[in-house]
file entry.txt (compact mmCIF, C-alpha atoms and all ligand atoms)
# COMPACT_ATOMS: atom_id res chain seq x y z
CA MET N 1 20.03 -76.98 4.15
CA THR N 2 23.37 -78.59 3.38
CA ARG N 3 25.46 -79.67 6.35
CA ILE N 4 29.19 -79.26 5.74
CA ILE N 5 31.11 -81.51 8.13
CA ALA N 6 34.90 -81.79 8.38
CA ILE N 7 36.13 -85.17 9.60
CA SER N 8 39.44 -84.32 11.26
CA SER N 9 42.06 -85.56 13.70
CA GLY N 10 45.35 -84.34 15.01
CA LYS N 11 47.19 -87.60 14.48
CA GLY N 12 47.28 -89.40 11.14
CA GLY N 13 46.09 -92.95 10.53
CA VAL N 14 43.24 -92.86 13.05
CA GLY N 15 40.51 -93.59 10.49
CA LYS N 16 39.32 -90.30 8.95
CA THR N 17 39.28 -91.48 5.36
CA THR N 18 37.66 -94.78 6.34
CA LEU N 19 34.94 -92.86 8.18
CA VAL N 20 34.34 -90.38 5.36
CA ALA N 21 33.96 -93.19 2.81
CA ASN N 22 31.67 -95.17 5.09
CA LEU N 23 29.57 -92.33 6.49
CA ALA N 24 29.00 -91.13 2.92
CA ALA N 25 27.87 -94.62 1.87
CA ALA N 26 25.75 -95.12 5.01
CA LEU N 27 24.05 -91.73 4.62
CA ALA N 28 23.41 -92.55 0.94
CA GLN N 29 21.84 -95.83 2.08
CA TYR N 30 19.54 -93.71 4.27
CA GLY N 31 18.50 -91.87 1.10
CA LYS N 32 20.54 -88.73 1.72
CA SER N 33 22.36 -86.85 -1.00
CA VAL N 34 26.03 -86.73 -0.01
CA VAL N 35 29.28 -85.39 -1.43
CA ALA N 36 32.60 -86.64 -0.03
CA VAL N 37 35.44 -84.20 -0.67
CA ASP N 38 39.10 -85.19 -0.42
CA ALA N 39 40.97 -82.26 1.09
CA ASN N 40 44.25 -84.19 1.45
CA LEU N 41 46.15 -82.36 -1.23
CA THR N 42 49.51 -84.02 -0.58
CA THR N 43 48.56 -87.44 0.79
CA SER N 44 45.14 -88.09 -0.71
CA ASN N 45 43.61 -91.55 -0.63
CA LEU N 46 39.83 -91.24 -0.43
CA ALA N 47 39.57 -92.23 -4.10
CA LEU N 48 41.72 -95.31 -3.39
CA HIS N 49 39.39 -96.38 -0.59
CA LEU N 50 36.54 -96.18 -3.10
CA GLY N 51 38.23 -97.62 -6.20
CA MET N 52 37.77 -94.25 -7.92
CA HIS N 53 41.40 -93.24 -8.43
CA LEU N 54 41.50 -93.57 -12.21
CA TYR N 55 39.38 -90.53 -12.93
CA PRO N 56 41.12 -87.89 -15.02
CA LYS N 57 40.34 -84.67 -13.15
CA THR N 58 40.55 -83.87 -9.46
CA ILE N 59 40.12 -81.02 -6.98
CA HIS N 60 43.70 -80.02 -7.86
CA ASP N 61 42.47 -79.13 -11.35
CA VAL N 62 39.70 -76.99 -9.85
CA PHE N 63 42.13 -75.12 -7.60
CA GLU N 64 44.50 -74.63 -10.52
CA GLY N 65 41.72 -73.32 -12.77
CA ARG N 66 41.73 -76.21 -15.25
CA ALA N 67 38.34 -77.68 -14.33
CA LYS N 68 34.95 -76.73 -12.97
CA VAL N 69 33.55 -78.31 -9.82
CA SER N 70 30.96 -80.15 -11.94
CA ASP N 71 33.83 -81.76 -13.95
CA VAL N 72 35.26 -83.44 -10.84
CA LEU N 73 32.03 -84.61 -9.22
CA TYR N 74 32.03 -88.38 -9.70
CA THR N 75 29.30 -90.80 -8.56
CA HIS N 76 30.08 -93.82 -6.41
CA LYS N 77 28.02 -96.94 -7.12
CA THR N 78 26.10 -96.46 -3.85
CA GLY N 79 24.89 -93.09 -5.07
CA PHE N 80 26.98 -90.54 -3.21
CA LYS N 81 29.25 -88.13 -5.03
CA VAL N 82 33.00 -87.89 -4.66
CA ILE N 83 35.42 -85.05 -5.36
CA PRO N 84 38.79 -86.80 -5.42
CA ALA N 85 42.22 -85.27 -4.99
CA ASP N 86 45.19 -86.23 -7.12
CA ILE N 87 46.99 -89.33 -5.82
CA SER N 88 50.26 -88.40 -7.55
CA LEU N 89 52.87 -86.25 -5.86
CA ARG N 90 51.41 -83.05 -7.16
CA LYS N 91 51.57 -79.84 -5.22
CA THR N 92 49.11 -77.01 -5.14
CA LYS N 93 50.56 -74.28 -3.01
CA ASN N 94 48.90 -71.73 -0.77
CA ILE N 95 45.50 -73.30 -0.48
CA LYS N 96 43.35 -71.23 1.83
CA SER N 97 39.89 -71.75 3.24
CA HIS N 98 38.32 -69.52 0.59
CA HIS N 99 39.44 -71.96 -2.11
CA TYR N 100 37.38 -74.67 -0.38
CA ILE N 101 34.52 -72.30 0.28
CA ASP N 102 34.37 -71.56 -3.46
CA VAL N 103 34.12 -75.30 -4.19
CA LEU N 104 31.65 -75.99 -1.38
CA TYR N 105 29.45 -73.08 -2.39
CA LYS N 106 28.90 -74.70 -5.79
CA LEU N 107 27.81 -77.94 -4.08
CA LEU N 108 25.27 -76.49 -1.70
CA GLU N 109 22.29 -76.87 -3.96
CA GLY N 110 20.60 -80.24 -3.79
CA HIS N 111 22.90 -81.96 -1.30
CA ASP N 112 22.12 -82.88 2.29
CA PHE N 113 25.70 -83.47 3.44
CA ILE N 114 29.19 -82.52 2.37
CA LEU N 115 31.80 -84.59 4.23
CA ILE N 116 35.36 -83.28 4.07
CA ASP N 117 38.20 -85.75 4.52
CA THR N 118 40.79 -83.42 6.05
CA PRO N 119 44.54 -84.00 6.17
CA ALA N 120 46.13 -85.06 9.44
CA GLY N 121 48.18 -82.60 11.40
CA LEU N 122 47.53 -79.10 12.50
CA GLY N 123 49.11 -77.30 9.55
CA LYS N 124 47.70 -74.86 7.03
CA GLU N 125 46.25 -77.54 4.75
CA SER N 126 44.08 -79.08 7.45
CA MET N 127 43.11 -75.74 8.98
CA ALA N 128 41.96 -74.40 5.60
CA ALA N 129 39.64 -77.37 5.09
CA MET N 130 38.37 -77.25 8.65
CA GLU N 131 37.71 -73.52 8.58
CA ALA N 132 35.60 -73.95 5.46
CA ALA N 133 33.29 -76.44 7.20
CA ASP N 134 30.37 -75.59 9.48
CA GLU N 135 30.69 -78.63 11.72
CA LEU N 136 33.56 -80.75 12.97
CA LEU N 137 33.78 -84.44 13.82
CA THR N 138 37.00 -85.24 15.68
CA VAL N 139 38.35 -88.76 15.16
CA THR N 140 40.68 -90.44 17.60
CA ASN N 141 41.82 -93.87 18.76
CA PRO N 142 41.80 -94.77 22.46
CA GLU N 143 45.52 -94.03 22.78
CA LEU N 144 47.23 -91.13 24.51
CA PRO N 145 49.12 -89.71 21.48
CA ALA N 146 45.98 -89.66 19.32
CA VAL N 147 43.87 -88.14 22.11
CA THR N 148 46.49 -85.47 22.86
CA ASP N 149 46.56 -84.46 19.19
CA ALA N 150 42.75 -84.48 19.04
CA PHE N 151 42.72 -82.08 21.99
CA LYS N 152 45.13 -79.73 20.17
CA LEU N 153 42.91 -79.86 17.09
CA VAL N 154 39.82 -78.95 19.11
CA MET N 155 41.72 -76.07 20.76
CA LEU N 156 42.72 -74.72 17.35
CA ALA N 157 39.20 -75.24 15.99
CA SER N 158 37.81 -73.00 18.72
CA LYS N 159 39.35 -70.06 16.78
CA TYR N 160 36.86 -70.68 14.00
CA SER N 161 33.09 -70.76 14.13
CA THR N 162 33.07 -74.48 13.27
CA HIS N 163 30.61 -76.26 15.56
CA ASN N 164 32.01 -79.29 17.42
CA LEU N 165 29.74 -82.30 16.94
CA GLY N 166 31.90 -84.49 19.17
CA ILE N 167 34.36 -87.34 19.06
CA ILE N 168 34.35 -90.57 17.06
CA LEU N 169 36.39 -93.18 18.86
CA ASN N 170 37.72 -95.62 16.26
CA ARG N 171 39.56 -98.94 16.52
CA VAL N 172 38.33 -99.79 19.99
CA LYS N 173 39.48 -103.22 21.12
CA ASN N 174 38.35 -102.97 24.74
CA GLU N 175 41.81 -103.93 25.91
CA THR N 176 42.79 -103.01 29.44
CA HIS N 177 45.53 -100.55 28.40
CA GLU N 178 43.14 -98.46 26.27
CA LEU N 179 42.14 -95.05 27.57
CA PRO N 180 38.60 -95.29 28.96
CA ALA N 181 35.90 -93.36 27.12
CA GLU N 182 35.22 -91.03 30.10
CA HIS N 183 38.90 -90.06 30.29
CA ILE N 184 38.94 -89.25 26.60
CA GLU N 185 35.81 -87.11 26.90
CA ARG N 186 37.30 -85.25 29.85
CA MET N 187 40.68 -84.75 28.17
CA ILE N 188 39.23 -83.42 24.92
CA GLY N 189 36.26 -81.70 26.52
CA LEU N 190 33.71 -83.13 24.09
CA PRO N 191 31.28 -86.06 24.15
CA ILE N 192 31.94 -89.28 22.27
CA ILE N 193 29.10 -89.50 19.76
CA GLY N 194 30.18 -92.77 18.15
CA THR N 195 32.44 -95.73 18.77
CA VAL N 196 33.76 -98.04 16.06
CA PRO N 197 35.42 -101.31 17.03
CA GLU N 198 38.67 -102.66 15.63
CA ASP N 199 37.42 -104.95 12.86
CA ARG N 200 39.50 -106.72 10.24
CA GLU N 201 36.53 -106.44 7.86
CA VAL N 202 37.51 -102.76 7.55
CA ARG N 203 40.95 -103.71 6.25
CA LYS N 204 39.48 -106.36 3.95
CA ALA N 205 37.00 -103.80 2.59
CA ILE N 206 39.79 -101.29 1.96
CA ALA N 207 41.73 -103.99 0.05
CA MET N 208 38.59 -104.55 -2.05
CA LYS N 209 38.26 -100.74 -2.49
CA GLU N 210 34.80 -100.74 -0.97
CA PRO N 211 33.29 -99.07 2.10
CA VAL N 212 32.81 -101.75 4.78
CA VAL N 213 29.12 -100.77 5.07
CA VAL N 214 28.80 -102.10 1.51
CA TYR N 215 31.40 -104.89 1.63
CA ASN N 216 30.07 -106.44 4.85
CA PRO N 217 27.06 -104.56 6.25
CA ARG N 218 26.65 -107.03 9.14
CA SER N 219 30.20 -106.58 10.41
CA PRO N 220 30.56 -104.80 13.77
CA ALA N 221 32.40 -101.80 12.28
CA ALA N 222 29.77 -101.37 9.54
CA GLN N 223 26.93 -101.48 12.06
CA HIS N 224 28.58 -98.98 14.39
CA ILE N 225 29.27 -96.61 11.50
CA ARG N 226 25.63 -96.94 10.42
CA ALA N 227 24.66 -95.96 13.97
CA ILE N 228 26.75 -92.77 13.66
CA ALA N 229 25.17 -91.97 10.28
CA ALA N 230 21.73 -92.52 11.82
CA SER N 231 22.50 -90.16 14.70
CA LEU N 232 23.55 -87.46 12.21
CA ILE N 233 20.05 -87.51 10.74
CA GLY N 234 18.24 -87.82 14.06
CA GLU N 235 17.48 -91.53 13.69
CA THR N 236 18.53 -94.45 15.85
CA TYR N 237 20.25 -97.61 14.71
CA THR N 238 21.25 -100.15 17.33
CA PRO N 239 24.11 -102.46 16.27
CA ARG N 240 23.28 -106.13 16.76
CA ILE N 241 26.42 -108.21 16.56
CA PRO N 242 25.57 -111.94 16.24
CA LEU N 243 27.04 -114.16 18.94
CA SER N 244 28.69 -116.32 16.25
CA TYR N 245 30.56 -113.25 15.01
CA ARG N 246 31.74 -112.30 18.49
CA LEU N 247 32.84 -115.88 19.19
CA PHE N 248 34.73 -116.09 15.90
CA ASN N 249 36.52 -112.81 16.60
CA TRP N 250 37.35 -113.90 20.12
CA LEU N 251 38.74 -117.25 18.95
CA TYR N 252 40.70 -116.05 15.92
CA GLY N 253 41.54 -112.48 16.90
CA ARG N 254 40.35 -109.44 14.97
N1 LIG O 301 37.77 -99.74 12.68
C1 LIG O 301 38.87 -100.21 12.12
N2 LIG O 301 39.23 -101.51 12.26
C2 LIG O 301 40.37 -101.99 11.70
N3 LIG O 301 41.21 -101.25 10.97
C3 LIG O 301 40.93 -99.94 10.79
C4 LIG O 301 39.74 -99.35 11.34
N4 LIG O 301 39.72 -98.04 10.97
C5 LIG O 301 40.83 -97.82 10.25
N5 LIG O 301 41.55 -98.96 10.13
C6 LIG O 301 42.87 -99.14 9.48
O1 LIG O 301 43.61 -97.95 9.68
C7 LIG O 301 44.16 -97.51 8.44
C8 LIG O 301 44.21 -96.01 8.43
O2 LIG O 301 42.90 -95.51 8.30
P1 LIG O 301 42.60 -94.19 7.49
O3 LIG O 301 41.12 -94.06 7.39
O4 LIG O 301 43.37 -94.15 6.20
O5 LIG O 301 43.18 -93.10 8.50
P2 LIG O 301 43.41 -91.52 8.29
O6 LIG O 301 42.59 -91.08 7.12
O7 LIG O 301 42.99 -90.91 9.58
O8 LIG O 301 44.88 -91.34 8.04
C9 LIG O 301 43.26 -98.13 7.37
O9 LIG O 301 43.96 -98.34 6.19
C10 LIG O 301 42.82 -99.43 8.00
O10 LIG O 301 43.79 -100.42 7.72
MG MG O 302 43.23 -90.17 5.35
call {"tool": "encode", "arguments": {"input": "entry.txt", "output": "structure tokens"}}
result
Amino acid sequence: MTRIIAISSGKGGVGKTTLVANLAAALAQYGKSVVAVDANLTTSNLALHLGMHLYPKTIHDVFEGRAKVSDVLYTHKTGFKVIPADISLRKTKNIKSHHYIDVLYKLLEGHDFILIDTPAGLGKESMAAMEAADELLTVTNPELPAVTDAFKLVMLASKYSTHNLGIILNRVKNETHELPAEHIERMIGLPIIGTVPEDREVRKAIAMKEPVVVYNPRSPAAQHIRAIAASLIGETYTPRIPLSYRLFNWLYGR
């Protein structure tokens, strides 16, 4: 059975696209067949994270009837498939969940996971993508504005039959002013199923247009993302961050 998971947030910039790119790569490394779909129709950048932005056809062409789903299914070097969106300022109006469902339906055969990189915000574009998914991963940072928006997202999601998998807490620095994990769980009303530390290797990997799990698999962020991927398939991966790494980060900042 194919699991269709929307990776969503209320607030933008919390790490959805980073997580989609990396969970797709990590699940592929576990031997799973994965498709990452960019549902950001106005501010897409999944293809940029993956260095796959020069491909001629995108999900926009599918929605506008100029391409078939199979024409826009590109393969990343780690083996997972990507359906990119157009990075230019191109508008496709009135996208509803059934448009995504049509695309997703054609992907069901032969794939273990479909990960949807949803747009930020609580507007029609993000709701359409979220409604089309079966499961929802809510991404937030340990800051009040991001957590408040995540709560609103989860409230809106309760209208649909999308199953809440829980929260991914990204960019954790363990600084004293950060909201504690238990507060976040209580505020949103869901468990935290994965935590990813602030790690400059993530930014370096994005600059190199590679998922950090490929660019630097030993980095703390890569290991924590691998742990989330493992939990999605019922396996366990325990991050082991070398002391030298922790010392270096402590001395030179992240
Ligand atoms: N764990 C992390 N450590 C350091 N920087 C991160 C981390 N996760 C995300 N970032 C930074 O945050 C930026 C925004 O992430 P992105 O995945 O594009 O967010 P979203 O898709 O939610 O808008 C990235 O370009 C990267 O610079
Ligand atoms: Mg994004």
call {"tool": "residues_near_point", "arguments": {"input": "entry.txt", "point": "(32.2, -91.9, 8.0)", "cutoff": "12 Å", "atoms": "all atoms listed in the file", "output": "tab-separated table (two decimals) with C-alpha atoms, keeping the file's coordinate frame"}}
result
chain	number	residue	atom	x	y	z
N	5	ILE	CA	31.11	-81.51	8.13
N	6	ALA	CA	34.90	-81.79	8.38
N	7	ILE	CA	36.13	-85.17	9.60
N	8	SER	CA	39.44	-84.32	11.26
N	15	GLY	CA	40.51	-93.59	10.49
N	16	LYS	CA	39.32	-90.30	8.95
N	17	THR	CA	39.28	-91.48	5.36
N	18	THR	CA	37.66	-94.78	6.34
N	19	LEU	CA	34.94	-92.86	8.18
N	20	VAL	CA	34.34	-90.38	5.36
N	21	ALA	CA	33.96	-93.19	2.81
N	22	ASN	CA	31.67	-95.17	5.09
N	23	LEU	CA	29.57	-92.33	6.49
N	24	ALA	CA	29.00	-91.13	2.92
N	25	ALA	CA	27.87	-94.62	1.87
N	26	ALA	CA	25.75	-95.12	5.01
N	27	LEU	CA	24.05	-91.73	4.62
N	28	ALA	CA	23.41	-92.55	0.94
N	34	VAL	CA	26.03	-86.73	-0.01
N	35	VAL	CA	29.28	-85.39	-1.43
N	36	ALA	CA	32.60	-86.64	-0.03
N	46	LEU	CA	39.83	-91.24	-0.43
N	113	PHE	CA	25.70	-83.47	3.44
N	114	ILE	CA	29.19	-82.52	2.37
N	115	LEU	CA	31.80	-84.59	4.23
N	116	ILE	CA	35.36	-83.28	4.07
N	117	ASP	CA	38.20	-85.75	4.52
N	137	LEU	CA	33.78	-84.44	13.82
N	138	THR	CA	37.00	-85.24	15.68
N	139	VAL	CA	38.35	-88.76	15.16
N	168	ILE	CA	34.35	-90.57	17.06
N	169	LEU	CA	36.39	-93.18	18.86
N	170	ASN	CA	37.72	-95.62	16.26
N	194	GLY	CA	30.18	-92.77	18.15
N	195	THR	CA	32.44	-95.73	18.77
N	196	VAL	CA	33.76	-98.04	16.06
N	211	PRO	CA	33.29	-99.07	2.10
N	212	VAL	CA	32.81	-101.75	4.78
N	213	VAL	CA	29.12	-100.77	5.07
N	221	ALA	CA	32.40	-101.80	12.28
N	222	ALA	CA	29.77	-101.37	9.54
N	223	GLN	CA	26.93	-101.48	12.06
N	224	HIS	CA	28.58	-98.98	14.39
N	225	ILE	CA	29.27	-96.61	11.50
N	226	ARG	CA	25.63	-96.94	10.42
N	227	ALA	CA	24.66	-95.96	13.97
N	228	ILE	CA	26.75	-92.77	13.66
N	229	ALA	CA	25.17	-91.97	10.28
N	230	ALA	CA	21.73	-92.52	11.82
N	231	SER	CA	22.50	-90.16	14.70
N	232	LEU	CA	23.55	-87.46	12.21
call {"tool": "closest_residue", "arguments": {"input": "entry.txt", "among": "N:Ser33, N:Ser244, N:Tyr105, N:Ala129", "to": "Thr162 (chain N)", "atoms": "all atoms listed in the file"}}
result
N:Ala129
call {"tool": "closest_residue", "arguments": {"input": "entry.txt", "among": "N:Val154, N:Ile193, N:Ile184, N:Ile59", "to": "Ala85 (chain N)", "atoms": "only C-alpha atoms"}}
result
N:Ile59
call {"tool": "atom_distance", "arguments": {"input": "entry.txt", "atom1": "CA of Arg171 (chain N)", "atom2": "CA of Pro242 (chain N)"}}
result
19.1 Å
call {"tool": "atom_distance", "arguments": {"input": "entry.txt", "atom1": "CA of Tyr55 (chain N)", "atom2": "atom C9 of ligand LIG 301 (chain O)"}}
result
22.0 Å
call {"tool": "closest_residue", "arguments": {"input": "entry.txt", "among": "N:His53, N:Arg203, N:His99, N:Lys173", "to": "Gly65 (chain N)", "atoms": "all atoms listed in the file"}}
result
N:His99
call {"tool": "axis_aligned_box", "arguments": {"input": "entry.txt", "around": "region 9-23 of chain N", "padding_each_side": "4 Å", "output": "lines of an AutoDock Vina configuration file"}}
result
center_x = 38.4
center_y = -89.8
center_z = 8.9
size_x = 25.7
size_y = 18.8
size_z = 20.2
call {"tool": "closest_residue", "arguments": {"input": "entry.txt", "among": "N:Leu153, N:Leu251, N:Ile4, N:Ala39", "to": "Asp112 (chain N)", "atoms": "only C-alpha atoms"}}
result
N:Ile4
call {"tool": "closest_residue", "arguments": {"input": "entry.txt", "among": "N:Pro220, N:Gly31, N:Pro180, N:Gly234", "to": "Val147 (chain N)", "atoms": "only C-alpha atoms"}}
result
N:Pro180
call {"tool": "residues_near_point", "arguments": {"input": "entry.txt", "point": "(48.5, -73.9, -1.4)", "cutoff": "12 Å", "atoms": "all atoms listed in the file", "output": "VMD selection string"}}
result
chain N and resid 39 to 42 60 63 to 64 90 to 100 123 to 129
call {"tool": "closest_residue", "arguments": {"input": "entry.txt", "among": "N:Pro119, N:Pro56, N:Gly51, N:Gly166", "to": "ligand LIG 301 (chain O)", "atoms": "all atoms listed in the file"}}
result
N:Pro119
call {"tool": "decode", "arguments": {"input": "entry.txt", "residues": "region 165-199 of chain N", "atoms": "N, CA and C atoms", "output": "PDB file, in the first residue's frame"}}
result
ATOM      1  N   LEU N 165       0.168  12.263  11.963  1.00  0.00           N
ATOM      2  CA  LEU N 165       1.268  11.400  12.429  1.00  0.00           C
ATOM      3  C   LEU N 165       1.992  12.034  13.612  1.00  0.00           C
ATOM      4  N   GLY N 166       1.975  13.365  13.673  1.00  0.00           N
ATOM      5  CA  GLY N 166       2.641  14.059  14.774  1.00  0.00           C
ATOM      6  C   GLY N 166       3.481  15.219  14.272  1.00  0.00           C
ATOM      7  N   ILE N 167       4.315  15.698  15.186  1.00  0.00           N
ATOM      8  CA  ILE N 167       5.079  16.924  14.926  1.00  0.00           C
ATOM      9  C   ILE N 167       6.537  16.583  14.648  1.00  0.00           C
ATOM     10  N   ILE N 168       7.138  17.299  13.695  1.00  0.00           N
ATOM     11  CA  ILE N 168       8.600  17.276  13.562  1.00  0.00           C
ATOM     12  C   ILE N 168       9.094  18.648  14.014  1.00  0.00           C
ATOM     13  N   LEU N 169       9.938  18.613  15.017  1.00  0.00           N
ATOM     14  CA  LEU N 169      10.487  19.851  15.576  1.00  0.00           C
ATOM     15  C   LEU N 169      11.850  20.068  14.931  1.00  0.00           C
ATOM     16  N   ASN N 170      11.940  21.112  14.108  1.00  0.00           N
ATOM     17  CA  ASN N 170      13.173  21.348  13.334  1.00  0.00           C
ATOM     18  C   ASN N 170      13.912  22.581  13.848  1.00  0.00           C
ATOM     19  N   ARG N 171      15.204  22.601  13.630  1.00  0.00           N
ATOM     20  CA  ARG N 171      16.081  23.716  13.993  1.00  0.00           C
ATOM     21  C   ARG N 171      16.156  23.927  15.503  1.00  0.00           C
ATOM     22  N   VAL N 172      16.295  22.831  16.211  1.00  0.00           N
ATOM     23  CA  VAL N 172      16.397  22.904  17.670  1.00  0.00           C
ATOM     24  C   VAL N 172      17.834  23.230  18.048  1.00  0.00           C
ATOM     25  N   LYS N 173      18.001  24.287  18.857  1.00  0.00           N
ATOM     26  CA  LYS N 173      19.343  24.686  19.281  1.00  0.00           C
ATOM     27  C   LYS N 173      19.567  24.428  20.769  1.00  0.00           C
ATOM     28  N   ASN N 174      18.487  24.007  21.437  1.00  0.00           N
ATOM     29  CA  ASN N 174      18.550  23.808  22.897  1.00  0.00           C
ATOM     30  C   ASN N 174      18.962  25.083  23.632  1.00  0.00           C
ATOM     31  N   GLU N 175      18.488  26.203  23.134  1.00  0.00           N
ATOM     32  CA  GLU N 175      18.750  27.462  23.837  1.00  0.00           C
ATOM     33  C   GLU N 175      17.643  27.673  24.872  1.00  0.00           C
ATOM     34  N   THR N 176      17.961  28.455  25.895  1.00  0.00           N
ATOM     35  CA  THR N 176      17.024  28.556  27.022  1.00  0.00           C
ATOM     36  C   THR N 176      15.694  29.208  26.627  1.00  0.00           C
ATOM     37  N   HIS N 177      15.709  30.088  25.620  1.00  0.00           N
ATOM     38  CA  HIS N 177      14.459  30.766  25.264  1.00  0.00           C
ATOM     39  C   HIS N 177      13.553  29.926  24.363  1.00  0.00           C
ATOM     40  N   GLU N 178      14.031  28.748  23.924  1.00  0.00           N
ATOM     41  CA  GLU N 178      13.193  27.916  23.054  1.00  0.00           C
ATOM     42  C   GLU N 178      12.023  27.326  23.841  1.00  0.00           C
ATOM     43  N   LEU N 179      10.901  27.141  23.146  1.00  0.00           N
ATOM     44  CA  LEU N 179       9.768  26.484  23.815  1.00  0.00           C
ATOM     45  C   LEU N 179      10.145  25.034  24.093  1.00  0.00           C
ATOM     46  N   PRO N 180       9.921  24.551  25.301  1.00  0.00           N
ATOM     47  CA  PRO N 180      10.238  23.151  25.596  1.00  0.00           C
ATOM     48  C   PRO N 180       9.313  22.193  24.831  1.00  0.00           C
ATOM     49  N   ALA N 181       9.848  21.033  24.533  1.00  0.00           N
ATOM     50  CA  ALA N 181       9.112  20.044  23.735  1.00  0.00           C
ATOM     51  C   ALA N 181       7.727  19.739  24.337  1.00  0.00           C
ATOM     52  N   GLU N 182       7.657  19.579  25.667  1.00  0.00           N
ATOM     53  CA  GLU N 182       6.361  19.221  26.294  1.00  0.00           C
ATOM     54  C   GLU N 182       5.334  20.332  26.096  1.00  0.00           C
ATOM     55  N   HIS N 183       5.793  21.589  26.132  1.00  0.00           N
ATOM     56  CA  HIS N 183       4.856  22.702  25.912  1.00  0.00           C
ATOM     57  C   HIS N 183       4.305  22.639  24.494  1.00  0.00           C
ATOM     58  N   ILE N 184       5.204  22.365  23.562  1.00  0.00           N
ATOM     59  CA  ILE N 184       4.792  22.330  22.150  1.00  0.00           C
ATOM     60  C   ILE N 184       3.769  21.212  21.936  1.00  0.00           C
ATOM     61  N   GLU N 185       4.042  20.057  22.527  1.00  0.00           N
ATOM     62  CA  GLU N 185       3.108  18.924  22.388  1.00  0.00           C
ATOM     63  C   GLU N 185       1.744  19.288  22.977  1.00  0.00           C
ATOM     64  N   ARG N 186       1.780  19.961  24.126  1.00  0.00           N
ATOM     65  CA  ARG N 186       0.512  20.321  24.780  1.00  0.00           C
ATOM     66  C   ARG N 186      -0.236  21.386  23.963  1.00  0.00           C
ATOM     67  N   MET N 187       0.518  22.350  23.436  1.00  0.00           N
ATOM     68  CA  MET N 187      -0.134  23.432  22.679  1.00  0.00           C
ATOM     69  C   MET N 187      -0.772  22.908  21.396  1.00  0.00           C
ATOM     70  N   ILE N 188      -0.047  22.023  20.706  1.00  0.00           N
ATOM     71  CA  ILE N 188      -0.579  21.542  19.420  1.00  0.00           C
ATOM     72  C   ILE N 188      -1.507  20.340  19.634  1.00  0.00           C
ATOM     73  N   GLY N 189      -1.291  19.631  20.708  1.00  0.00           N
ATOM     74  CA  GLY N 189      -2.137  18.467  20.990  1.00  0.00           C
ATOM     75  C   GLY N 189      -1.715  17.225  20.234  1.00  0.00           C
ATOM     76  N   LEU N 190      -0.431  17.178  19.859  1.00  0.00           N
ATOM     77  CA  LEU N 190       0.092  16.001  19.142  1.00  0.00           C
ATOM     78  C   LEU N 190       1.481  15.670  19.685  1.00  0.00           C
ATOM     79  N   PRO N 191       1.919  14.420  19.537  1.00  0.00           N
ATOM     80  CA  PRO N 191       3.275  14.082  19.994  1.00  0.00           C
ATOM     81  C   PRO N 191       4.353  14.533  19.010  1.00  0.00           C
ATOM     82  N   ILE N 192       5.515  14.831  19.543  1.00  0.00           N
ATOM     83  CA  ILE N 192       6.668  15.104  18.671  1.00  0.00           C
ATOM     84  C   ILE N 192       7.254  13.751  18.271  1.00  0.00           C
ATOM     85  N   ILE N 193       7.277  13.482  16.980  1.00  0.00           N
ATOM     86  CA  ILE N 193       7.780  12.155  16.563  1.00  0.00           C
ATOM     87  C   ILE N 193       9.214  12.246  16.025  1.00  0.00           C
ATOM     88  N   GLY N 194       9.736  13.468  15.926  1.00  0.00           N
ATOM     89  CA  GLY N 194      11.116  13.616  15.474  1.00  0.00           C
ATOM     90  C   GLY N 194      11.622  15.010  15.763  1.00  0.00           C
ATOM     91  N   THR N 195      12.906  15.080  16.097  1.00  0.00           N
ATOM     92  CA  THR N 195      13.539  16.368  16.375  1.00  0.00           C
ATOM     93  C   THR N 195      14.778  16.478  15.505  1.00  0.00           C
ATOM     94  N   VAL N 196      14.943  17.618  14.848  1.00  0.00           N
ATOM     95  CA  VAL N 196      16.123  17.826  14.005  1.00  0.00           C
ATOM     96  C   VAL N 196      16.868  19.061  14.512  1.00  0.00           C
ATOM     97  N   PRO N 197      18.150  18.917  14.829  1.00  0.00           N
ATOM     98  CA  PRO N 197      18.876  20.066  15.368  1.00  0.00           C
ATOM     99  C   PRO N 197      19.192  21.117  14.306  1.00  0.00           C
ATOM    100  N   GLU N 198      19.417  22.339  14.761  1.00  0.00           N
ATOM    101  CA  GLU N 198      19.987  23.362  13.894  1.00  0.00           C
ATOM    102  C   GLU N 198      21.372  22.854  13.496  1.00  0.00           C
ATOM    103  N   ASP N 199      21.675  22.879  12.196  1.00  0.00           N
ATOM    104  CA  ASP N 199      22.936  22.294  11.740  1.00  0.00           C
ATOM    105  C   ASP N 199      23.346  23.013  10.456  1.00  0.00           C
TER     106      ASP N 199
END
